[in-house]
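Have a look at the structure below, then the notes.
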Amino acid sequence: MKNMTPATGRSELPDPATSRRPRNPGAPLIPREDWINEPWSSWTYLHTSEMMPTAPIWRGPGPVRPLPESVQPLGQVMINLEDGKVSVDDFLTRSATDGFLVLHRGQIVFERYFNHFTPHTQHLVMSVTKSFTGTLAGILADKGLIDVQRPVTYYLPELQATAYKGATVQQLLDMASGVAFDATPLWNSVWHHQQKPGWPRTYWEAILSLDKLERPHGAAFKYRDIETDVVAFTLQRASGTSLADLISDEIWAPMGAERDAYIVVDESGFGTSASGLCATMRDLARFAQLLVDGGAFAGRQIIPRNWIEETRHGRGWRFGNYEECGQVGYHNFWWIDNARRGAFLAHGYGGQVIYVDPNAELAAVKLSYHRGRPRSEVGSVVMPAIRAALGRS
C-alpha cells in the first residue's frame with residue numbers, strides 16, 4: 001500500500017480508477033482478495049456490483065418521498081477533535097468522506113459529495129446493513145411473524161445441532177449469544193474470494209459449523225457479524241421471502257425511495273445481512289427520516305413506533321467494549337448514543353454512519369471509504385455541534 005497524503009488521508013498511488021478506464025484495458029486488475037481495503041475502496045465502495053454478485057432491492061412503483069432543501073452554512077461549524085479544533089468541512093476532507101448529508105425537520109440543510117460520488121450512486125454501507133436487518137425484525141415481530149423471545153431453533157430447527165441451541169432471537173439482536181465464532185474463514189471466502197479446504201462457501205454452511213460455546217447465551221455482549229446472519233435466516237424462514245425482497249417490501253418501497261438499492265449475495269444467493277447493502281445517500285437519509293418521524297410516512301405506519309421507542313430506551317441494551325464506536329449501548333442491531341437523548345446510530349466498516357435523533361428532529365448520513373478516523377466522531381462530536389448550531393438543545 002502506498003503512502004497516505006497527510007492532509008486528506010487519501011492514497012497517493014495507485015489510483016484505483018486507472019484499472020477501469022475505458023481506454024486502458026490492460027491496466028493492472030483490482031486485487032480480488034483486497035478490494036474492500038484502501039486504496040481500492042475509494043473506487044470499489046461506489047462500484048460494489050462490479051466486484052461482487054448482488055441482488056436488487058426494488059424501490060417499488062410508488063411516488064418518491066420529497067426531500068426539500070433549506071441549506072445552512074454548517075460546513076463552517078467548528079468541532080473539537082482530539083488533535084484540535086476544525087470546521088465540519090475540514091473534518092469531511094480529512095476523514096476520507098464520500099458524502100455527508102444532514103436533515104433537520106425533514107429538510108436537507110447540508111449535503112456534500114466527494115471522490116466522484118453522486119446523488120444517484122449506490123454506496124456500500126457495510127455494517128449499517130445490520131441495522132436494516134434489526135429493523136426488519138421489529139416489523140415482522142409487529143406483524144406476528146416472529147416472536148423475538150422464542151429460541152432461534154423454533155424457526156431454524158437445523159440449528160439444534162449447533163451452539164445456537166438455547167439462544168433466543170432477542171439475544172442475537174443484542175449480539176449476546178455465547179457462540180464461539182472466528183470470522184476469518186467466512187470473510188476471506190465470501191468477501192476476499194479465497195478458498196481453502198474446510199472454509200465455508202456460504203453463510204448457511206458457516207452457521208451450521210458453529211458447535212462451540214465460549215459463554216452462556218445472554219451473559220455478555222460481543223459484536224459478531226454472524227449473529228445478524230442467523231437473524232436474517234430466521235426472517236426469511238418466517239416470511240418465505242428473501243432478504244432483498246423483504247427490504248424492498250417492508251422498507252424501501254413504502255418509505256418512498258428514489259432509486260433501487262442492492263445487496264451483496266453469497267454463492268447460495270443469500271443477501272449478506274451484516275454488511276452487503278448498497279444505496280444512495282439520499283435514500284439512506286429517507287430511511288433515517290422515517291425513524292425520526294416515528295416510523296410513519298404518507299399515512300402508513302411502516303416501522304412500529306413502539307419498536308423504535310423500545311430500541312432507543314429499552315432495558316435490553318447490551319453494554320460492551322466496542323471502543324471504536326464508543327456508544328452507550330447496543331440493542332436490536334443499533335448503537336444507542338445517549339441514554340438521555342435517545343439518539344441512535346448505525347455504524348459500518350470504512351466510516352459509514354446513519355445518525356438518528358428524534359428529539360432534535362435531526363438525521364444524518366456519512367459515507368466514507370476507509371477505516372481511518374474513529375467512527376464515533378460523527379455521533380459524539382460532529383452531530384452535537386451541528387445540533388447546537390441549528391438551535392436544538
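Please note that chains go A, B, ... in the order of the C-alpha cells, that every chain numbers its residues from 1, and that ligands are numbered from 1 in the order shown.
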* Asked: Please, which residues of region 52-244 of chain A, numbered as in this document, come out strand (DSSP E or B) from DSSP, as a ChimeraX atom specification?
  -> /A:54-57,69,78-81,84-87,97-104,107-113,123-124,151,168,179,213
For the residues selected in the previous step, produce a file with N, CA and C atoms as an mmCIF file, in the first residue's frame.
```
data_model
loop_
_atom_site.group_PDB
_atom_site.id
_atom_site.type_symbol
_atom_site.label_atom_id
_atom_site.label_comp_id
_atom_site.auth_asym_id
_atom_site.auth_seq_id
_atom_site.Cartn_x
_atom_site.Cartn_y
_atom_site.Cartn_z
ATOM 1 N N THR A 54 -24.726 -9.563 -6.698
ATOM 2 C CA THR A 54 -25.682 -8.806 -5.904
ATOM 3 C C THR A 54 -27.113 -9.169 -6.284
ATOM 4 N N ALA A 55 -28.043 -8.811 -5.407
ATOM 5 C CA ALA A 55 -29.469 -8.952 -5.673
ATOM 6 C C ALA A 55 -30.113 -7.572 -5.594
ATOM 7 N N PRO A 56 -31.071 -7.273 -6.474
ATOM 8 C CA PRO A 56 -31.680 -5.940 -6.474
ATOM 9 C C PRO A 56 -32.680 -5.767 -5.341
ATOM 10 N N ILE A 57 -32.792 -4.527 -4.880
ATOM 11 C CA ILE A 57 -33.817 -4.123 -3.921
ATOM 12 C C ILE A 57 -34.651 -3.052 -4.611
ATOM 13 N N GLU A 69 -35.156 21.333 0.425
ATOM 14 C CA GLU A 69 -33.854 21.843 0.847
ATOM 15 C C GLU A 69 -33.989 23.190 1.529
ATOM 16 N N MET A 78 -17.562 24.758 13.910
ATOM 17 C CA MET A 78 -16.313 24.256 14.457
ATOM 18 C C MET A 78 -16.586 23.087 15.409
ATOM 19 N N ILE A 79 -15.721 22.090 15.335
ATOM 20 C CA ILE A 79 -15.843 20.921 16.199
ATOM 21 C C ILE A 79 -14.494 20.646 16.858
ATOM 22 N N ASN A 80 -14.537 20.033 18.028
ATOM 23 C CA ASN A 80 -13.320 19.738 18.781
ATOM 24 C C ASN A 80 -12.940 18.272 18.600
ATOM 25 N N LEU A 81 -11.843 18.044 17.912
ATOM 26 C CA LEU A 81 -11.293 16.703 17.775
ATOM 27 C C LEU A 81 -10.123 16.525 18.736
ATOM 28 N N GLY A 84 -7.291 18.886 17.967
ATOM 29 C CA GLY A 84 -7.547 20.301 17.811
ATOM 30 C C GLY A 84 -8.917 20.611 17.253
ATOM 31 N N LYS A 85 -9.201 21.893 17.102
ATOM 32 C CA LYS A 85 -10.486 22.360 16.610
ATOM 33 C C LYS A 85 -10.424 22.531 15.102
ATOM 34 N N VAL A 86 -11.427 21.982 14.400
ATOM 35 C CA VAL A 86 -11.505 22.097 12.947
ATOM 36 C C VAL A 86 -12.950 22.369 12.562
ATOM 37 N N SER A 87 -13.158 22.815 11.324
ATOM 38 C CA SER A 87 -14.513 23.013 10.829
ATOM 39 C C SER A 87 -15.088 21.680 10.356
ATOM 40 N N THR A 97 -14.097 11.155 3.303
ATOM 41 C CA THR A 97 -15.535 11.208 3.096
ATOM 42 C C THR A 97 -15.894 11.087 1.623
ATOM 43 N N ASP A 98 -16.885 10.272 1.340
ATOM 44 C CA ASP A 98 -17.510 10.255 0.017
ATOM 45 C C ASP A 98 -18.744 11.146 -0.007
ATOM 46 N N GLY A 99 -19.503 11.167 1.088
ATOM 47 C CA GLY A 99 -20.691 12.005 1.141
ATOM 48 C C GLY A 99 -21.139 12.246 2.567
ATOM 49 N N PHE A 100 -21.799 13.393 2.778
ATOM 50 C CA PHE A 100 -22.338 13.727 4.097
ATOM 51 C C PHE A 100 -23.608 14.531 3.888
ATOM 52 N N LEU A 101 -24.682 14.111 4.544
ATOM 53 C CA LEU A 101 -25.980 14.761 4.391
ATOM 54 C C LEU A 101 -26.638 14.897 5.752
ATOM 55 N N VAL A 102 -27.205 16.074 6.013
ATOM 56 C CA VAL A 102 -27.900 16.340 7.274
ATOM 57 C C VAL A 102 -29.322 16.769 6.966
ATOM 58 N N LEU A 103 -30.285 16.157 7.664
ATOM 59 C CA LEU A 103 -31.692 16.535 7.575
ATOM 60 C C LEU A 103 -32.125 17.146 8.901
ATOM 61 N N HIS A 104 -32.836 18.273 8.817
ATOM 62 C CA HIS A 104 -33.439 18.879 10.002
ATOM 63 C C HIS A 104 -34.900 19.168 9.700
ATOM 64 N N GLN A 107 -35.902 18.446 6.138
ATOM 65 C CA GLN A 107 -35.307 19.230 5.050
ATOM 66 C C GLN A 107 -33.800 19.015 5.009
ATOM 67 N N ILE A 108 -33.244 18.980 3.798
ATOM 68 C CA ILE A 108 -31.791 18.904 3.647
ATOM 69 C C ILE A 108 -31.205 20.258 4.015
ATOM 70 N N VAL A 109 -30.397 20.280 5.064
ATOM 71 C CA VAL A 109 -29.750 21.524 5.464
ATOM 72 C C VAL A 109 -28.263 21.524 5.118
ATOM 73 N N PHE A 110 -27.733 20.354 4.772
ATOM 74 C CA PHE A 110 -26.317 20.279 4.413
ATOM 75 C C PHE A 110 -26.105 19.013 3.596
ATOM 76 N N GLU A 111 -25.349 19.129 2.502
ATOM 77 C CA GLU A 111 -25.110 17.968 1.642
ATOM 78 C C GLU A 111 -23.804 18.182 0.883
ATOM 79 N N ARG A 112 -22.916 17.201 0.977
ATOM 80 C CA ARG A 112 -21.626 17.285 0.307
ATOM 81 C C ARG A 112 -21.314 15.953 -0.378
ATOM 82 N N TYR A 113 -20.695 16.024 -1.561
ATOM 83 C CA TYR A 113 -20.248 14.844 -2.304
ATOM 84 C C TYR A 113 -18.780 15.022 -2.671
ATOM 85 N N HIS A 123 -23.809 3.367 -2.672
ATOM 86 C CA HIS A 123 -22.573 3.252 -1.901
ATOM 87 C C HIS A 123 -22.683 2.065 -0.956
ATOM 88 N N LEU A 124 -21.631 1.272 -0.855
ATOM 89 C CA LEU A 124 -21.588 0.176 0.099
ATOM 90 C C LEU A 124 -21.615 0.730 1.519
ATOM 91 N N PRO A 151 -36.723 -19.244 21.188
ATOM 92 C CA PRO A 151 -35.408 -19.735 20.748
ATOM 93 C C PRO A 151 -35.303 -19.656 19.224
ATOM 94 N N THR A 168 -32.048 -17.151 22.218
ATOM 95 C CA THR A 168 -33.266 -16.530 21.704
ATOM 96 C C THR A 168 -32.944 -15.579 20.563
ATOM 97 N N VAL A 179 -21.991 -18.091 21.365
ATOM 98 C CA VAL A 179 -21.379 -18.935 20.342
ATOM 99 C C VAL A 179 -19.964 -18.456 20.019
ATOM 100 N N LEU A 213 -19.498 -23.237 22.438
ATOM 101 C CA LEU A 213 -19.872 -22.082 23.242
ATOM 102 C C LEU A 213 -18.645 -21.533 23.956
#
```
* Fewer than 4 positions away in the same chain doesn't count, so skip those; otherwise give me all residues within 9 Å of region 159-165 of chain A, counting only C-alpha atoms, as a count of residues only. => 15
* To do: Name the closest residue to Asn332 (chain A) among the candidates A:Leu362, A:Val381, A:Ala183, A:Leu136; distances are taken between atoms, counting only C-alpha atoms.
  =>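 Closest to Asn332 (chain A), using only C-alpha atoms: A:Leu136.
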* Fewer than 2 positions away in the same chain doesn't count, so skip those; otherwise give me all residues within 9 Å of Leu284 (chain A), counting only C-alpha atoms, as a PyMOL selection string. => chain A and resi 257+279-282+286-289+354+364-365
* Non-local contacts of Gly348 (chain A) (12 Å; only C-alpha atoms; under 5 positions in same chain excluded) as a PyMOL selection string -> chain A and resi 123-132+225+274-278+324-325+333-335+353-355+365-371+374-376
Residues of the last selection are to be written out with C-alpha atoms, as a CSV table (one decimal), in the first residue's frame.
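File written: again.csv
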```csv
chain,number,residue,atom,x,y,z
A,123,HIS,CA,-22.6,3.3,-1.9
A,124,LEU,CA,-21.6,0.2,0.1
A,125,VAL,CA,-22.6,0.7,3.7
A,126,MET,CA,-21.1,-2.4,5.3
A,127,SER,CA,-22.4,-3.0,8.9
A,128,VAL,CA,-25.1,-0.3,8.6
A,129,THR,CA,-26.8,-3.2,6.9
A,130,LYS,CA,-27.2,-4.8,10.3
A,131,SER,CA,-29.5,-2.0,11.4
A,132,PHE,CA,-31.8,-2.6,8.4
A,225,ASP,CA,-21.5,-10.4,12.1
A,274,ALA,CA,-24.5,-7.9,8.2
A,275,SER,CA,-22.6,-5.9,5.6
A,276,GLY,CA,-23.8,-6.0,2.0
A,277,LEU,CA,-26.3,-3.2,1.4
A,278,CYS,CA,-25.6,-0.6,-1.2
A,324,GLU,CA,-14.3,2.1,18.1
A,325,CYS,CA,-17.9,3.2,18.2
A,333,PHE,CA,-28.6,-4.1,15.9
A,334,TRP,CA,-28.5,-0.4,16.6
A,335,TRP,CA,-25.9,1.6,18.6
A,353,VAL,CA,-22.8,6.2,9.7
A,354,ILE,CA,-26.6,6.8,9.9
A,355,TYR,CA,-27.4,9.1,12.8
A,365,VAL,CA,-25.7,10.1,6.8
A,366,LYS,CA,-21.9,9.9,6.4
A,367,LEU,CA,-20.4,7.6,3.8
A,368,SER,CA,-16.7,7.1,3.6
A,369,TYR,CA,-14.2,4.6,2.1
A,370,HIS,CA,-11.7,3.7,4.8
A,371,ARG,CA,-11.2,2.9,8.5
A,374,PRO,CA,-12.8,6.7,14.8
A,375,ARG,CA,-16.4,6.3,13.6
A,376,SER,CA,-17.7,7.6,16.9
```
* Asked: Taking only C-alpha atoms into account, which of A:Ala253, A:Ile146, A:Ala298, A:Ile226 comes nearest Gly62 (chain A)?
  ->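 Selected residue with least distance to Gly62 (chain A): A:Ala253.
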* Would you give me, as an MDAnalysis selection string, the residues in region 183-324 of chain A that DSSP reads as helix (DSSP H, G or I)? -> chainID A and resid 184:190 203:208 225:239 243:252 281:292 305:313
Residues of the last selection are to be written out with C-alpha atoms, as a short mmCIF file (atom, residue, chain, number, x, y, z; two decimals), in the first residue's frame.
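The resulting result15.cif:
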```
data_model
loop_
_atom_site.label_atom_id
_atom_site.label_comp_id
_atom_site.auth_asym_id
_atom_site.auth_seq_id
_atom_site.Cartn_x
_atom_site.Cartn_y
_atom_site.Cartn_z
CA THR A 184 -11.72 -15.10 9.16
CA PRO A 185 -12.64 -18.18 7.07
CA LEU A 186 -16.09 -16.86 6.13
CA TRP A 187 -14.89 -13.31 5.48
CA ASN A 188 -12.00 -14.44 3.33
CA SER A 189 -14.11 -16.96 1.44
CA VAL A 190 -17.12 -14.74 0.60
CA TYR A 203 -23.22 -18.19 5.34
CA TRP A 204 -25.53 -21.13 6.00
CA GLU A 205 -22.59 -23.54 5.86
CA ALA A 206 -20.71 -21.33 8.32
CA ILE A 207 -23.62 -21.21 10.77
CA LEU A 208 -24.14 -24.99 10.71
CA ASP A 225 -21.46 -10.41 12.06
CA ILE A 226 -22.77 -13.96 12.19
CA GLU A 227 -25.49 -13.07 14.73
CA THR A 228 -27.10 -10.84 12.10
CA ASP A 229 -27.00 -13.59 9.52
CA VAL A 230 -28.76 -16.05 11.84
CA VAL A 231 -31.49 -13.44 12.40
CA ALA A 232 -31.78 -12.87 8.64
CA PHE A 233 -32.27 -16.59 8.01
CA THR A 234 -34.95 -16.51 10.72
CA LEU A 235 -36.73 -13.65 8.95
CA GLN A 236 -36.56 -15.45 5.62
CA ARG A 237 -37.89 -18.69 7.11
CA ALA A 238 -40.77 -16.93 8.89
CA SER A 239 -41.78 -14.82 5.89
CA LEU A 243 -33.83 -10.57 2.48
CA ALA A 244 -33.59 -8.33 -0.59
CA ASP A 245 -37.32 -8.56 -1.20
CA LEU A 246 -38.08 -8.05 2.48
CA ILE A 247 -36.14 -4.79 2.47
CA SER A 248 -37.98 -3.75 -0.69
CA ASP A 249 -41.45 -4.73 0.50
CA GLU A 250 -41.23 -3.59 4.10
CA ILE A 251 -38.93 -0.54 3.98
CA TRP A 252 -37.61 0.64 0.63
CA MET A 281 -27.09 8.68 0.32
CA ARG A 282 -30.44 10.41 -0.14
CA ASP A 283 -32.34 7.14 0.18
CA LEU A 284 -30.40 6.30 3.32
CA ALA A 285 -31.41 9.74 4.58
CA ARG A 286 -35.05 8.91 3.79
CA PHE A 287 -34.73 5.83 5.97
CA ALA A 288 -33.22 7.91 8.77
CA GLN A 289 -36.00 10.48 8.47
CA LEU A 290 -38.59 7.70 8.64
CA LEU A 291 -37.16 6.77 12.04
CA VAL A 292 -37.15 10.41 13.17
CA ARG A 305 -43.41 3.20 16.72
CA ASN A 306 -43.23 1.10 19.87
CA TRP A 307 -40.27 -0.83 18.43
CA ILE A 308 -38.42 2.45 17.73
CA GLU A 309 -39.06 3.69 21.26
CA GLU A 310 -38.06 0.37 22.80
CA THR A 311 -34.86 0.34 20.76
CA ARG A 312 -33.98 3.87 21.92
CA HIS A 313 -34.93 3.47 25.57
#
```
Determine, counting only C-alpha atoms, which protein, DNA and RNA residues have an atom within 8 Å of an atom of Asp266 (chain A); residues of the same chain fewer than 4 positions away are not included. Present the result as a PDB file with N, CA, C and O atoms, in the first residue's frame.
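Listing of around.pdb after writing:
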```
ATOM      1  N   PRO A  53     -21.273 -10.487  -6.650  1.00  0.00           N
ATOM      2  CA  PRO A  53     -22.646 -10.772  -7.080  1.00  0.00           C
ATOM      3  C   PRO A  53     -23.630 -10.069  -6.142  1.00  0.00           C
ATOM      4  O   PRO A  53     -23.392  -9.975  -4.936  1.00  0.00           O
ATOM      5  N   VAL A 190     -16.044 -15.450   1.311  1.00  0.00           N
ATOM      6  CA  VAL A 190     -17.118 -14.739   0.601  1.00  0.00           C
ATOM      7  C   VAL A 190     -16.655 -13.394   0.070  1.00  0.00           C
ATOM      8  O   VAL A 190     -16.914 -13.040  -1.081  1.00  0.00           O
ATOM      9  N   ARG A 201     -18.386 -21.925   2.054  1.00  0.00           N
ATOM     10  CA  ARG A 201     -18.624 -21.146   0.845  1.00  0.00           C
ATOM     11  C   ARG A 201     -19.858 -20.263   0.974  1.00  0.00           C
ATOM     12  O   ARG A 201     -20.047 -19.348   0.176  1.00  0.00           O
ATOM     13  N   THR A 202     -20.696 -20.557   1.964  1.00  0.00           N
ATOM     14  CA  THR A 202     -21.913 -19.781   2.170  1.00  0.00           C
ATOM     15  C   THR A 202     -22.085 -19.486   3.657  1.00  0.00           C
ATOM     16  O   THR A 202     -21.479 -20.143   4.520  1.00  0.00           O
ATOM     17  N   TYR A 203     -22.940 -18.538   3.951  1.00  0.00           N
ATOM     18  CA  TYR A 203     -23.219 -18.191   5.344  1.00  0.00           C
ATOM     19  C   TYR A 203     -23.931 -19.330   6.066  1.00  0.00           C
ATOM     20  O   TYR A 203     -23.680 -19.572   7.248  1.00  0.00           O
ATOM     21  N   PHE A 270     -27.885 -15.844  -0.766  1.00  0.00           N
ATOM     22  CA  PHE A 270     -28.266 -15.210   0.494  1.00  0.00           C
ATOM     23  C   PHE A 270     -27.719 -13.792   0.562  1.00  0.00           C
ATOM     24  O   PHE A 270     -26.528 -13.558   0.376  1.00  0.00           O
ATOM     25  N   GLY A 271     -28.598 -12.819   0.831  1.00  0.00           N
ATOM     26  CA  GLY A 271     -28.168 -11.440   0.992  1.00  0.00           C
ATOM     27  C   GLY A 271     -27.367 -11.267   2.270  1.00  0.00           C
ATOM     28  O   GLY A 271     -27.819 -11.653   3.353  1.00  0.00           O
ATOM     29  N   THR A 272     -26.180 -10.710   2.161  1.00  0.00           N
ATOM     30  CA  THR A 272     -25.285 -10.601   3.305  1.00  0.00           C
ATOM     31  C   THR A 272     -25.822  -9.542   4.268  1.00  0.00           C
ATOM     32  O   THR A 272     -25.499  -8.366   4.168  1.00  0.00           O
TER      33      THR A 272
END
```
* Please provide as JSON, numbers by chain all residues within 8 Å of Phe297 (chain A), with the sequence filter that same-chain residues fewer than 4 positions apart are discarded (counting only C-alpha atoms). => {"A": [254, 255, 290, 293, 301, 302]}
